[in-house]
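Text of my_file_10.cif (mmCIF, C-alpha atoms) as supplied:
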```cif
data_upload
#
loop_
_atom_site.label_atom_id
_atom_site.label_comp_id
_atom_site.auth_asym_id
_atom_site.auth_seq_id
_atom_site.Cartn_x
_atom_site.Cartn_y
_atom_site.Cartn_z
CA MET A 77 -138.59 19.07 20.28
CA PRO A 78 -135.60 19.41 18.00
CA SER A 79 -135.19 22.60 16.10
CA SER A 80 -135.34 22.83 12.34
CA TYR A 81 -131.67 23.71 12.21
CA ASN A 82 -130.64 20.47 13.90
CA VAL A 83 -132.89 18.45 11.58
CA ARG A 84 -131.39 20.08 8.51
CA SER A 85 -127.83 19.53 9.77
CA ARG A 86 -128.49 15.85 10.45
CA ALA A 87 -130.06 15.38 7.03
CA ARG A 88 -127.07 17.09 5.46
CA GLU A 89 -124.67 14.83 7.32
CA ARG A 90 -126.67 11.74 6.31
CA ASN A 91 -126.60 12.78 2.67
CA SER A 92 -122.87 13.49 2.79
CA VAL A 93 -122.20 10.06 4.27
CA LEU A 94 -124.35 8.30 1.70
CA SER A 95 -122.67 10.18 -1.11
CA ARG A 96 -119.36 8.53 -0.37
CA PRO A 97 -118.13 6.04 -3.00
CA GLU A 98 -118.51 3.03 -0.70
CA PHE A 99 -122.20 3.81 -0.03
CA VAL A 100 -123.21 4.91 -3.53
CA SER A 101 -124.33 1.40 -4.51
CA LEU A 102 -126.81 1.37 -1.63
CA ASN A 103 -128.63 4.46 -2.89
CA GLN A 104 -128.74 3.53 -6.62
CA PRO A 105 -130.80 0.82 -8.33
CA PRO A 106 -128.93 -2.15 -9.78
CA ARG A 107 -127.71 -2.03 -13.38
CA GLY A 108 -130.42 -3.06 -15.80
CA GLY A 109 -132.97 -3.02 -13.01
CA VAL A 110 -135.05 -0.22 -14.61
CA VAL A 111 -135.78 -0.12 -18.33
CA GLY A 112 -136.36 3.23 -19.93
CA GLY A 113 -134.88 6.64 -20.20
CA GLY A 114 -134.82 7.21 -16.47
CA GLY A 115 -133.40 3.77 -15.88
CA GLY A 116 -130.67 4.44 -18.40
CA GLY A 117 -129.71 7.55 -16.55
CA GLY A 118 -129.83 5.72 -13.25
CA ALA A 119 -127.76 2.85 -14.65
CA GLY A 120 -125.21 5.25 -15.94
CA GLY A 121 -124.76 6.75 -12.50
CA PRO A 122 -123.81 3.55 -10.69
CA SER A 123 -121.57 2.40 -13.48
CA GLU A 124 -119.70 5.64 -13.38
CA SER A 125 -119.58 5.55 -9.60
CA ARG A 126 -118.46 1.98 -9.53
CA GLY A 127 -115.96 2.79 -12.21
CA GLY A 128 -114.77 5.64 -10.06
CA ALA A 129 -114.58 3.31 -7.08
CA ARG A 130 -112.58 0.76 -9.04
CA ARG A 131 -110.43 3.33 -10.78
CA PRO A 132 -107.45 3.07 -8.38
CA GLY A 133 -107.28 -0.67 -8.88
CA GLN A 134 -107.70 -0.37 -12.62
CA ASN A 135 -105.02 2.29 -12.85
CA LYS A 136 -102.74 0.08 -10.84
CA HIS A 137 -103.43 -2.85 -13.16
CA GLN A 138 -103.00 -0.68 -16.24
CA THR A 139 -99.75 0.81 -15.01
CA SER A 140 -98.44 -2.62 -14.19
CA GLN A 141 -99.01 -3.87 -17.74
CA PRO A 142 -96.50 -1.52 -19.44
CA SER A 143 -93.93 -2.47 -16.84
CA GLU A 144 -94.50 -6.15 -17.60
CA GLU A 145 -94.17 -5.72 -21.37
CA PRO A 146 -90.57 -4.44 -21.33
CA ALA A 147 -89.70 -7.32 -19.05
CA ASP A 148 -91.18 -9.73 -21.59
CA ASN A 149 -89.42 -7.93 -24.41
CA GLY A 150 -86.17 -8.12 -22.49
CA THR A 151 -86.47 -11.84 -21.94
CA LYS A 152 -87.25 -12.55 -25.59
CA MET A 153 -84.04 -12.91 -27.55
CA PRO A 154 -83.69 -12.88 -31.32
CA GLU A 155 -82.88 -16.09 -33.05
CA GLU A 156 -79.33 -14.96 -33.83
CA ASP A 157 -78.58 -14.44 -30.15
CA CYS A 158 -79.99 -17.84 -29.33
CA MET A 159 -77.76 -19.36 -31.99
CA GLN A 160 -74.75 -17.58 -30.51
CA LEU A 161 -75.59 -18.81 -27.04
CA ASN A 162 -76.01 -22.34 -28.40
CA PRO A 163 -73.42 -22.59 -31.20
CA SER A 164 -73.12 -25.68 -33.31
CA PHE A 165 -70.15 -27.98 -33.34
CA LYS A 166 -69.07 -26.50 -36.66
CA GLY A 167 -69.08 -22.96 -35.25
CA ILE A 168 -67.11 -24.03 -32.18
CA ALA A 169 -64.54 -25.81 -34.36
CA ILE A 170 -64.11 -22.81 -36.70
CA ASN A 171 -63.74 -20.35 -33.81
CA SER A 172 -61.23 -22.63 -32.11
CA LEU A 173 -59.14 -22.96 -35.27
CA LEU A 174 -59.17 -19.20 -35.79
CA ALA A 175 -58.05 -18.64 -32.21
CA ILE A 176 -55.20 -21.14 -32.64
CA ASP A 177 -54.26 -19.49 -35.94
CA ILE A 178 -54.06 -16.03 -34.37
CA CYS A 179 -52.08 -17.30 -31.38
CA LEU A 180 -49.52 -19.19 -33.50
CA SER A 181 -49.22 -16.31 -35.98
CA LYS A 182 -48.43 -13.84 -33.19
CA ARG A 183 -45.83 -16.19 -31.75
CA MET A 184 -44.23 -16.68 -35.16
CA GLY A 185 -44.04 -12.93 -35.75
CA ALA A 186 -40.52 -12.88 -34.32
CA CYS A 187 -39.40 -10.17 -36.78
CA ALA A 188 -42.50 -8.00 -36.55
CA ASN A 189 -40.62 -5.21 -34.74
CA THR A 190 -37.02 -4.31 -34.09
CA SER A 191 -37.65 -5.05 -30.41
CA SER A 192 -38.88 -8.57 -31.15
CA SER A 193 -36.89 -11.71 -30.34
CA TRP A 194 -35.50 -11.88 -33.91
CA GLY A 195 -35.60 -8.15 -34.53
CA GLY A 196 -31.96 -8.13 -35.71
CA CYS A 197 -32.88 -10.42 -38.63
CA ARG A 198 -35.73 -8.23 -39.77
CA SER A 199 -33.81 -6.66 -42.68
CA MET A 200 -32.64 -10.05 -43.97
CA VAL A 201 -36.13 -11.53 -43.75
CA GLY A 202 -37.43 -8.41 -45.50
CA MET A 203 -35.02 -8.94 -48.38
CA LEU A 204 -36.21 -12.54 -48.69
CA ALA A 205 -39.81 -11.36 -48.83
CA LEU A 206 -38.86 -8.78 -51.46
CA THR A 207 -37.85 -11.60 -53.83
CA GLY A 208 -41.50 -12.64 -53.95
CA HIS A 209 -42.94 -9.17 -54.45
CA GLY A 210 -45.13 -8.60 -57.48
CA ILE A 211 -43.34 -5.44 -58.62
CA THR A 212 -39.99 -7.26 -58.49
CA TRP A 213 -41.20 -10.11 -60.67
CA ILE A 214 -43.02 -7.90 -63.18
CA ILE A 215 -39.96 -5.68 -63.71
CA GLY A 216 -37.67 -8.72 -63.95
CA THR A 217 -39.96 -10.43 -66.46
CA ILE A 218 -40.15 -7.32 -68.66
CA VAL A 219 -36.36 -6.95 -68.61
CA CYS A 220 -35.88 -10.61 -69.59
CA LEU A 221 -38.51 -10.24 -72.31
CA THR A 222 -36.69 -7.31 -73.89
CA ARG A 223 -33.46 -9.32 -73.94
CA SER A 224 -34.93 -12.57 -75.22
CA ASN A 225 -34.28 -13.43 -78.87
CA THR A 226 -36.03 -16.79 -79.17
CA LEU A 227 -39.71 -17.34 -79.88
CA ALA A 228 -39.99 -20.05 -77.24
CA GLY A 229 -38.43 -17.82 -74.58
CA GLN A 230 -40.70 -14.92 -75.49
CA GLU A 231 -43.74 -17.19 -75.38
CA VAL A 232 -42.90 -18.36 -71.85
CA LEU A 233 -42.13 -14.86 -70.62
CA VAL A 234 -45.32 -13.31 -72.04
CA ASN A 235 -47.45 -15.97 -70.40
CA LEU A 236 -45.53 -15.51 -67.15
CA LEU A 237 -46.14 -11.77 -67.31
CA LEU A 238 -49.87 -12.30 -67.82
CA ALA A 239 -49.92 -14.81 -64.97
CA LEU A 240 -48.29 -12.27 -62.66
CA ILE A 241 -50.83 -9.60 -63.60
CA VAL A 242 -53.73 -12.00 -63.05
CA ASP A 243 -52.27 -13.03 -59.69
CA ILE A 244 -51.93 -9.42 -58.48
CA LEU A 245 -55.44 -8.44 -59.56
CA THR A 246 -57.08 -11.57 -58.15
CA VAL A 247 -55.34 -11.36 -54.78
CA ALA A 248 -56.13 -7.64 -54.52
CA GLY A 249 -59.80 -8.29 -55.26
CA VAL A 250 -60.09 -11.06 -52.67
CA GLN A 251 -58.32 -8.93 -50.08
CA ARG A 252 -60.73 -6.05 -50.69
CA LEU A 253 -63.67 -8.42 -50.20
CA VAL A 254 -62.40 -10.13 -47.03
CA LYS A 255 -60.52 -7.17 -45.47
CA ARG A 256 -58.80 -9.27 -42.85
CA LYS A 257 -56.20 -7.48 -40.79
CA GLY A 258 -52.82 -9.01 -40.00
CA PRO A 259 -51.85 -10.37 -36.58
CA TRP A 260 -49.89 -7.17 -35.92
CA GLU A 261 -51.27 -3.72 -36.64
CA MET A 262 -48.91 -2.47 -39.35
CA ALA A 263 -49.35 0.03 -42.13
CA PRO A 264 -48.59 -1.35 -45.63
CA SER A 265 -45.30 -0.31 -47.16
CA PHE A 266 -44.93 1.77 -50.30
CA LEU A 267 -44.31 -1.26 -52.51
CA ASP A 268 -47.28 -3.06 -50.97
CA CYS A 269 -49.50 -0.11 -51.82
CA ILE A 270 -48.27 -0.16 -55.44
CA ALA A 271 -48.98 -3.91 -55.67
CA MET A 272 -52.37 -3.40 -53.91
CA ASP A 273 -51.30 -5.75 -51.14
CA LEU A 274 -53.17 -3.94 -48.37
CA TYR A 275 -54.78 -6.72 -46.31
CA SER A 276 -53.79 -10.05 -44.85
CA PHE A 277 -55.98 -12.69 -46.53
CA PRO A 278 -54.79 -14.24 -48.79
CA ALA A 279 -51.01 -13.82 -48.66
CA ALA A 280 -50.00 -12.26 -51.98
CA HIS A 281 -46.33 -13.23 -51.68
CA ALA A 282 -47.19 -16.87 -50.97
CA SER A 283 -49.59 -16.98 -53.92
CA ARG A 284 -47.02 -15.45 -56.26
CA ALA A 285 -44.18 -17.66 -55.05
CA ALA A 286 -46.25 -20.83 -55.49
CA MET A 287 -47.40 -19.81 -58.96
CA VAL A 288 -43.94 -18.74 -60.17
CA SER A 289 -42.18 -21.81 -58.82
CA LYS A 290 -44.70 -24.17 -60.38
CA PHE A 291 -44.54 -22.21 -63.64
CA LEU A 292 -40.76 -22.38 -63.84
CA LEU A 293 -40.66 -26.04 -62.86
CA SER A 294 -43.10 -26.86 -65.67
CA HIS A 295 -41.55 -24.80 -68.48
CA LEU A 296 -37.85 -24.75 -67.73
CA VAL A 297 -35.41 -27.62 -67.75
CA LEU A 298 -33.65 -27.42 -64.38
CA ALA A 299 -31.36 -29.72 -62.50
CA VAL A 300 -32.64 -31.48 -59.39
CA PRO A 301 -30.78 -29.22 -56.91
CA LEU A 302 -32.22 -26.14 -58.61
CA ARG A 303 -35.70 -27.61 -58.49
CA ILE A 304 -35.34 -28.27 -54.77
CA LEU A 305 -34.03 -24.76 -54.19
CA LEU A 306 -36.95 -23.31 -56.14
CA VAL A 307 -39.50 -25.13 -53.99
CA LEU A 308 -37.60 -24.16 -50.83
CA TRP A 309 -37.54 -20.54 -51.96
CA ALA A 310 -41.33 -20.51 -52.39
CA LEU A 311 -41.84 -21.91 -48.88
CA LEU A 312 -39.41 -19.43 -47.32
CA VAL A 313 -41.07 -16.48 -49.05
CA GLY A 314 -44.43 -17.45 -47.56
CA VAL A 315 -42.95 -18.01 -44.09
CA SER A 316 -41.03 -14.71 -44.23
CA ARG A 317 -44.27 -12.74 -44.38
CA VAL A 318 -45.52 -14.54 -41.28
CA LEU A 319 -42.24 -13.79 -39.49
CA LEU A 320 -42.64 -10.12 -40.38
CA GLY A 321 -46.12 -10.13 -38.83
CA LYS A 322 -47.87 -9.33 -42.11
CA HIS A 323 -49.95 -12.50 -42.46
CA HIS A 324 -51.50 -15.34 -40.49
CA LEU A 325 -50.62 -18.96 -41.08
CA THR A 326 -53.98 -19.57 -42.76
CA ASP A 327 -53.31 -16.61 -45.06
CA MET A 328 -50.07 -18.23 -46.17
CA VAL A 329 -51.68 -21.63 -46.76
CA CYS A 330 -54.56 -20.12 -48.73
CA GLY A 331 -52.06 -18.05 -50.69
CA PHE A 332 -50.20 -21.19 -51.75
CA ALA A 333 -53.48 -22.80 -52.83
CA LEU A 334 -54.50 -19.70 -54.78
CA GLY A 335 -51.13 -19.63 -56.53
CA MET A 336 -51.59 -23.21 -57.71
CA LEU A 337 -55.04 -22.27 -58.96
CA HIS A 338 -53.56 -19.39 -60.95
CA PHE A 339 -51.03 -21.74 -62.53
CA SER A 340 -53.79 -24.15 -63.57
CA LEU A 341 -55.76 -21.24 -65.04
CA MET A 342 -52.81 -20.01 -67.11
CA GLU A 343 -52.13 -23.51 -68.38
CA THR A 344 -55.74 -23.64 -69.57
CA VAL A 345 -55.61 -20.30 -71.40
CA TRP A 346 -52.01 -20.63 -72.57
CA LEU A 347 -51.21 -18.13 -75.33
CA SER A 348 -49.60 -19.46 -78.48
CA SER A 349 -46.37 -18.15 -79.93
CA SER A 350 -48.09 -16.16 -82.68
CA THR A 351 -50.40 -14.47 -80.14
CA CYS A 352 -47.42 -13.61 -77.99
CA GLN A 353 -45.63 -12.08 -80.96
CA ASN A 354 -48.66 -9.93 -81.74
CA ILE A 355 -48.75 -8.75 -78.12
CA ILE A 356 -45.06 -7.90 -78.25
CA SER A 357 -45.52 -6.01 -81.52
CA ILE A 358 -48.44 -4.00 -80.11
CA SER A 359 -46.53 -3.17 -76.94
CA THR A 360 -43.50 -1.97 -78.93
CA LEU A 361 -45.68 -0.05 -81.43
CA SER A 362 -44.23 -2.04 -84.33
CA TRP A 363 -47.31 -4.09 -85.13
CA SER A 364 -48.37 -4.04 -88.78
CA PRO A 365 -51.58 -6.01 -89.51
CA PHE A 366 -51.33 -5.44 -93.30
CA PHE A 367 -47.84 -6.84 -93.86
#
```

In structure tokens, write the structure found in this file.
Amino acid sequence: MPSSYNVRSRARERNSVLSRPEFVSLNQPPRGGVVGGGGGGGAGGPSESRGGARRPGQNKHQTSQPSEEPADNGTKMPEEDCMQLNPSFKGIAINSLLAIDICLSKRMGACANTSSSWGGCRSMVGMLALTGHGITWIIGTIVCLTRSNTLAGQEVLVNLLLALIVDILTVAGVQRLVKRKGPWEMAPSFLDCIAMDLYSFPAAHASRAAMVSKFLLSHLVLAVPLRILLVLWALLVGVSRVLLGKHHLTDMVCGFALGMLHFSLMETVWLSSSTCQNIISISTLSWSPFF
């Protein structure tokens, strides 16, 4: 006959085996099987046990979800990126033209440095570009205005001076908005800083040369050779800035177009002779509104 100690040890072993998670469901009533307070407590036990039995799987599933979300977030691209990956024909054409412009501008910058292919002509090309500088034309116009004795000459010179000022301010404003750098990294010169010609687009010299040449051709009586030379001078001034590496080809073309726009604007707001005389009187402090 077995001893009481052996019986108790076997019962303890049986209880320990049945208390394992895989055998808990065998000892507990099914969920919802018993209605009442005791049934609620019994139902809570299996659910917790089953929850504990399923916890490793649930944790694995829950930990896998955060890892899947970054993957989904990584695969989702914003609309801008999708547009860049699938550009339109217009975008491809614009980017291609800009690439061609930069390549041709760099090749034409033969006088950009003293070590360039045309580095020996850099000083001569620089003098040609200086003839289209805003400071040069403003000082020259003021000197001619002080020496002019005719009303017609003073009228033309005052309007030319205002056109030069409008050209400098407009080009400087557009350059500050666009802020396009030149094909070669160069610091602006002292005269360029005075004239606020700090960026590449649009070309200030080309704009000024186009406006001045058209202005002189319209208001001065010149022979045909002089008219041809004036047009050739405007073209060479624009090209000289490209040779010096200051501007792109598109900067020069847009500068010419902007210069023609400035000429059309000044023709629209042309100041009369009496207005010009009042401006001259105010500037020389000899204006008398009562006499």

Original post:
Which of these residues is nearest to Val232 (chain A), using all atoms listed in the file: A:Ser348, A:Ser192, A:Ser164, A:Asn354?
Top reply: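 The shortest atom-to-atom distance to Val232 (chain A) comes from A:Ser348.
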
Original post:
Closest to Ala228 (chain A) among A:Ala310, A:Ser349, A:Asn171, A:Ile358, using only C-alpha atoms?
Top reply: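 Closest residue, counting only C-alpha atoms: A:Ser349.
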
Original post:
Which protein, DNA or RNA residues are at most 6 Å from (-52.8, -15.1, -48.0) in the file's coordinates when you count only C-alpha atoms, listed as number ranges by chain?
Top reply: A: 277-280, 327-328, 330-331

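Separating CA of Leu221 (chain A) from CA of Leu236 (chain A) is a distance of 10.2 Å.
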
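For His338 (chain A), the list of residues within 8 Å, based on only C-alpha atoms and with local chain neighbours fewer than 2 positions off taken out, reads Ala239, Val242, Asp243, Met287, Leu334, Gly335, Met336, Ser340, Leu341 and Met342 of chain A.
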
Subject >> Coordinates-based distance that separates CA of Met200 (chain A) from CA of Arg252 (chain A) (Å, one decimal) >> reply: 29.2 Å

**OP:** Around the point (-55.2, -8.4, -46.5), in the coordinates given by the file, pick out the residues reaching within 6 Å, counting all atoms listed in the file, and return them as a VMD selection string.
**Re:** chain A and resid 251 255 to 257 274 to 277

**OP:** Can you pull out every residue within 12 Å of Ala186 (chain A), counting all atoms listed in the file, but drop anything in the same chain fewer than 6 positions away, and send it as a PyMOL selection string?
**Re:** chain A and resi 180+192-198+201+259-260+315-322

**OP:** Between A:Met272, A:Val300, A:Met262, A:Ile241, single out the one closest to Val288 (chain A), counting all atoms listed in the file.
**Re:**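 Under the stated criterion, the closest residue is A:Ile241.
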
Subject >> Atomic separation - CA of Gly258 (chain A) relative to CA of Leu245 (chain A), Å >> reply: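 The value is 19.7 Å.
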
Original post:
Using all atoms listed in the file, which of the listed residues (A:Thr360, A:Ser191, A:Thr212, A:Thr246) sits closest to Leu267 (chain A)?
Top reply: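 Smallest separation from Leu267 (chain A) among the options: A:Thr212.
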
Subject >> Among the residues A:Leu306, A:Leu227, A:Ile218, A:Ala299, the one that comes closest to Gln353 (chain A) [using only C-alpha atoms] >> reply: A:Leu227

**OP:** Using all atoms listed in the file, pick whichever of A:Cys187, A:Ile211, A:Leu238, A:Ile244 has the shortest atom-to-atom distance to Val345 (chain A).
**Re:**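 Closest to Val345 (chain A), using all atoms listed in the file: A:Leu238.
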
Would you kindly place all heavy atoms on region 320-331 of chain A and return the model as a PDB file, in the coordinates of the input?
```pdb
ATOM      1  N   LEU A 320     -42.559 -11.592 -40.434  1.00  0.00           N
ATOM      2  CA  LEU A 320     -42.640 -10.120 -40.380  1.00  0.00           C
ATOM      3  C   LEU A 320     -43.943  -9.613 -39.775  1.00  0.00           C
ATOM      4  O   LEU A 320     -44.116  -8.405 -39.624  1.00  0.00           O
ATOM      5  CB  LEU A 320     -42.471  -9.544 -41.788  1.00  0.00           C
ATOM      6  CG  LEU A 320     -41.085  -9.698 -42.422  1.00  0.00           C
ATOM      7  CD1 LEU A 320     -41.117  -9.253 -43.875  1.00  0.00           C
ATOM      8  CD2 LEU A 320     -40.036  -8.911 -41.650  1.00  0.00           C
ATOM      9  N   GLY A 321     -44.851 -10.520 -39.437  1.00  0.00           N
ATOM     10  CA  GLY A 321     -46.120 -10.130 -38.830  1.00  0.00           C
ATOM     11  C   GLY A 321     -47.134  -9.585 -39.805  1.00  0.00           C
ATOM     12  O   GLY A 321     -48.093  -8.930 -39.386  1.00  0.00           O
ATOM     13  N   LYS A 322     -46.954  -9.859 -41.088  1.00  0.00           N
ATOM     14  CA  LYS A 322     -47.870  -9.330 -42.110  1.00  0.00           C
ATOM     15  C   LYS A 322     -49.083 -10.241 -42.330  1.00  0.00           C
ATOM     16  O   LYS A 322     -50.152  -9.762 -42.718  1.00  0.00           O
ATOM     17  CB  LYS A 322     -47.131  -9.152 -43.432  1.00  0.00           C
ATOM     18  CG  LYS A 322     -45.989  -8.150 -43.392  1.00  0.00           C
ATOM     19  CD  LYS A 322     -46.491  -6.728 -43.318  1.00  0.00           C
ATOM     20  CE  LYS A 322     -45.366  -5.720 -43.457  1.00  0.00           C
ATOM     21  NZ  LYS A 322     -45.852  -4.320 -43.423  1.00  0.00           N
ATOM     22  N   HIS A 323     -48.904 -11.542 -42.128  1.00  0.00           N
ATOM     23  CA  HIS A 323     -49.950 -12.500 -42.460  1.00  0.00           C
ATOM     24  C   HIS A 323     -50.095 -13.541 -41.354  1.00  0.00           C
ATOM     25  O   HIS A 323     -49.161 -13.771 -40.572  1.00  0.00           O
ATOM     26  CB  HIS A 323     -49.665 -13.209 -43.785  1.00  0.00           C
ATOM     27  CG  HIS A 323     -49.602 -12.287 -44.962  1.00  0.00           C
ATOM     28  ND1 HIS A 323     -50.717 -11.736 -45.544  1.00  0.00           N
ATOM     29  CD2 HIS A 323     -48.540 -11.818 -45.663  1.00  0.00           C
ATOM     30  CE1 HIS A 323     -50.356 -10.964 -46.552  1.00  0.00           C
ATOM     31  NE2 HIS A 323     -49.027 -11.001 -46.648  1.00  0.00           N
ATOM     32  N   HIS A 324     -51.270 -14.182 -41.332  1.00  0.00           N
ATOM     33  CA  HIS A 324     -51.500 -15.340 -40.490  1.00  0.00           C
ATOM     34  C   HIS A 324     -51.035 -16.606 -41.220  1.00  0.00           C
ATOM     35  O   HIS A 324     -50.749 -16.580 -42.418  1.00  0.00           O
ATOM     36  CB  HIS A 324     -52.987 -15.479 -40.144  1.00  0.00           C
ATOM     37  CG  HIS A 324     -53.544 -14.310 -39.411  1.00  0.00           C
ATOM     38  ND1 HIS A 324     -54.029 -13.184 -40.050  1.00  0.00           N
ATOM     39  CD2 HIS A 324     -53.706 -14.086 -38.080  1.00  0.00           C
ATOM     40  CE1 HIS A 324     -54.469 -12.322 -39.152  1.00  0.00           C
ATOM     41  NE2 HIS A 324     -54.289 -12.832 -37.950  1.00  0.00           N
ATOM     42  N   LEU A 325     -50.994 -17.691 -40.462  1.00  0.00           N
ATOM     43  CA  LEU A 325     -50.620 -18.960 -41.080  1.00  0.00           C
ATOM     44  C   LEU A 325     -51.659 -19.401 -42.109  1.00  0.00           C
ATOM     45  O   LEU A 325     -51.310 -19.920 -43.171  1.00  0.00           O
ATOM     46  CB  LEU A 325     -50.470 -20.036 -39.999  1.00  0.00           C
ATOM     47  CG  LEU A 325     -49.226 -19.936 -39.118  1.00  0.00           C
ATOM     48  CD1 LEU A 325     -49.289 -20.965 -37.995  1.00  0.00           C
ATOM     49  CD2 LEU A 325     -47.959 -20.139 -39.934  1.00  0.00           C
ATOM     50  N   THR A 326     -52.936 -19.204 -41.803  1.00  0.00           N
ATOM     51  CA  THR A 326     -53.980 -19.570 -42.760  1.00  0.00           C
ATOM     52  C   THR A 326     -53.922 -18.697 -44.011  1.00  0.00           C
ATOM     53  O   THR A 326     -54.252 -19.167 -45.104  1.00  0.00           O
ATOM     54  CB  THR A 326     -55.354 -19.442 -42.099  1.00  0.00           C
ATOM     55  OG1 THR A 326     -55.478 -18.148 -41.492  1.00  0.00           O
ATOM     56  CG2 THR A 326     -55.544 -20.502 -41.031  1.00  0.00           C
ATOM     57  N   ASP A 327     -53.488 -17.461 -43.876  1.00  0.00           N
ATOM     58  CA  ASP A 327     -53.310 -16.610 -45.060  1.00  0.00           C
ATOM     59  C   ASP A 327     -52.237 -17.171 -45.975  1.00  0.00           C
ATOM     60  O   ASP A 327     -52.385 -17.162 -47.202  1.00  0.00           O
ATOM     61  CB  ASP A 327     -52.928 -15.191 -44.628  1.00  0.00           C
ATOM     62  CG  ASP A 327     -53.963 -14.571 -43.702  1.00  0.00           C
ATOM     63  OD1 ASP A 327     -55.124 -14.999 -43.757  1.00  0.00           O
ATOM     64  OD2 ASP A 327     -53.591 -13.675 -42.919  1.00  0.00           O
ATOM     65  N   MET A 328     -51.151 -17.658 -45.376  1.00  0.00           N
ATOM     66  CA  MET A 328     -50.070 -18.230 -46.170  1.00  0.00           C
ATOM     67  C   MET A 328     -50.523 -19.502 -46.876  1.00  0.00           C
ATOM     68  O   MET A 328     -50.251 -19.700 -48.076  1.00  0.00           O
ATOM     69  CB  MET A 328     -48.866 -18.517 -45.261  1.00  0.00           C
ATOM     70  CG  MET A 328     -47.682 -19.144 -45.974  1.00  0.00           C
ATOM     71  SD  MET A 328     -46.367 -19.623 -44.825  1.00  0.00           S
ATOM     72  CE  MET A 328     -47.204 -20.918 -43.890  1.00  0.00           C
ATOM     73  N   VAL A 329     -51.232 -20.378 -46.164  1.00  0.00           N
ATOM     74  CA  VAL A 329     -51.680 -21.630 -46.760  1.00  0.00           C
ATOM     75  C   VAL A 329     -52.669 -21.361 -47.902  1.00  0.00           C
ATOM     76  O   VAL A 329     -52.570 -21.955 -48.992  1.00  0.00           O
ATOM     77  CB  VAL A 329     -52.317 -22.530 -45.682  1.00  0.00           C
ATOM     78  CG1 VAL A 329     -52.919 -23.781 -46.305  1.00  0.00           C
ATOM     79  CG2 VAL A 329     -51.268 -22.927 -44.642  1.00  0.00           C
ATOM     80  N   CYS A 330     -53.610 -20.459 -47.671  1.00  0.00           N
ATOM     81  CA  CYS A 330     -54.560 -20.120 -48.730  1.00  0.00           C
ATOM     82  C   CYS A 330     -53.875 -19.412 -49.899  1.00  0.00           C
ATOM     83  O   CYS A 330     -54.296 -19.567 -51.057  1.00  0.00           O
ATOM     84  CB  CYS A 330     -55.659 -19.236 -48.164  1.00  0.00           C
ATOM     85  SG  CYS A 330     -56.738 -20.073 -46.981  1.00  0.00           S
ATOM     86  N   GLY A 331     -52.819 -18.663 -49.610  1.00  0.00           N
ATOM     87  CA  GLY A 331     -52.060 -18.050 -50.690  1.00  0.00           C
ATOM     88  C   GLY A 331     -51.380 -19.078 -51.574  1.00  0.00           C
ATOM     89  O   GLY A 331     -51.388 -18.958 -52.808  1.00  0.00           O
TER      90      GLY A 331
END
```
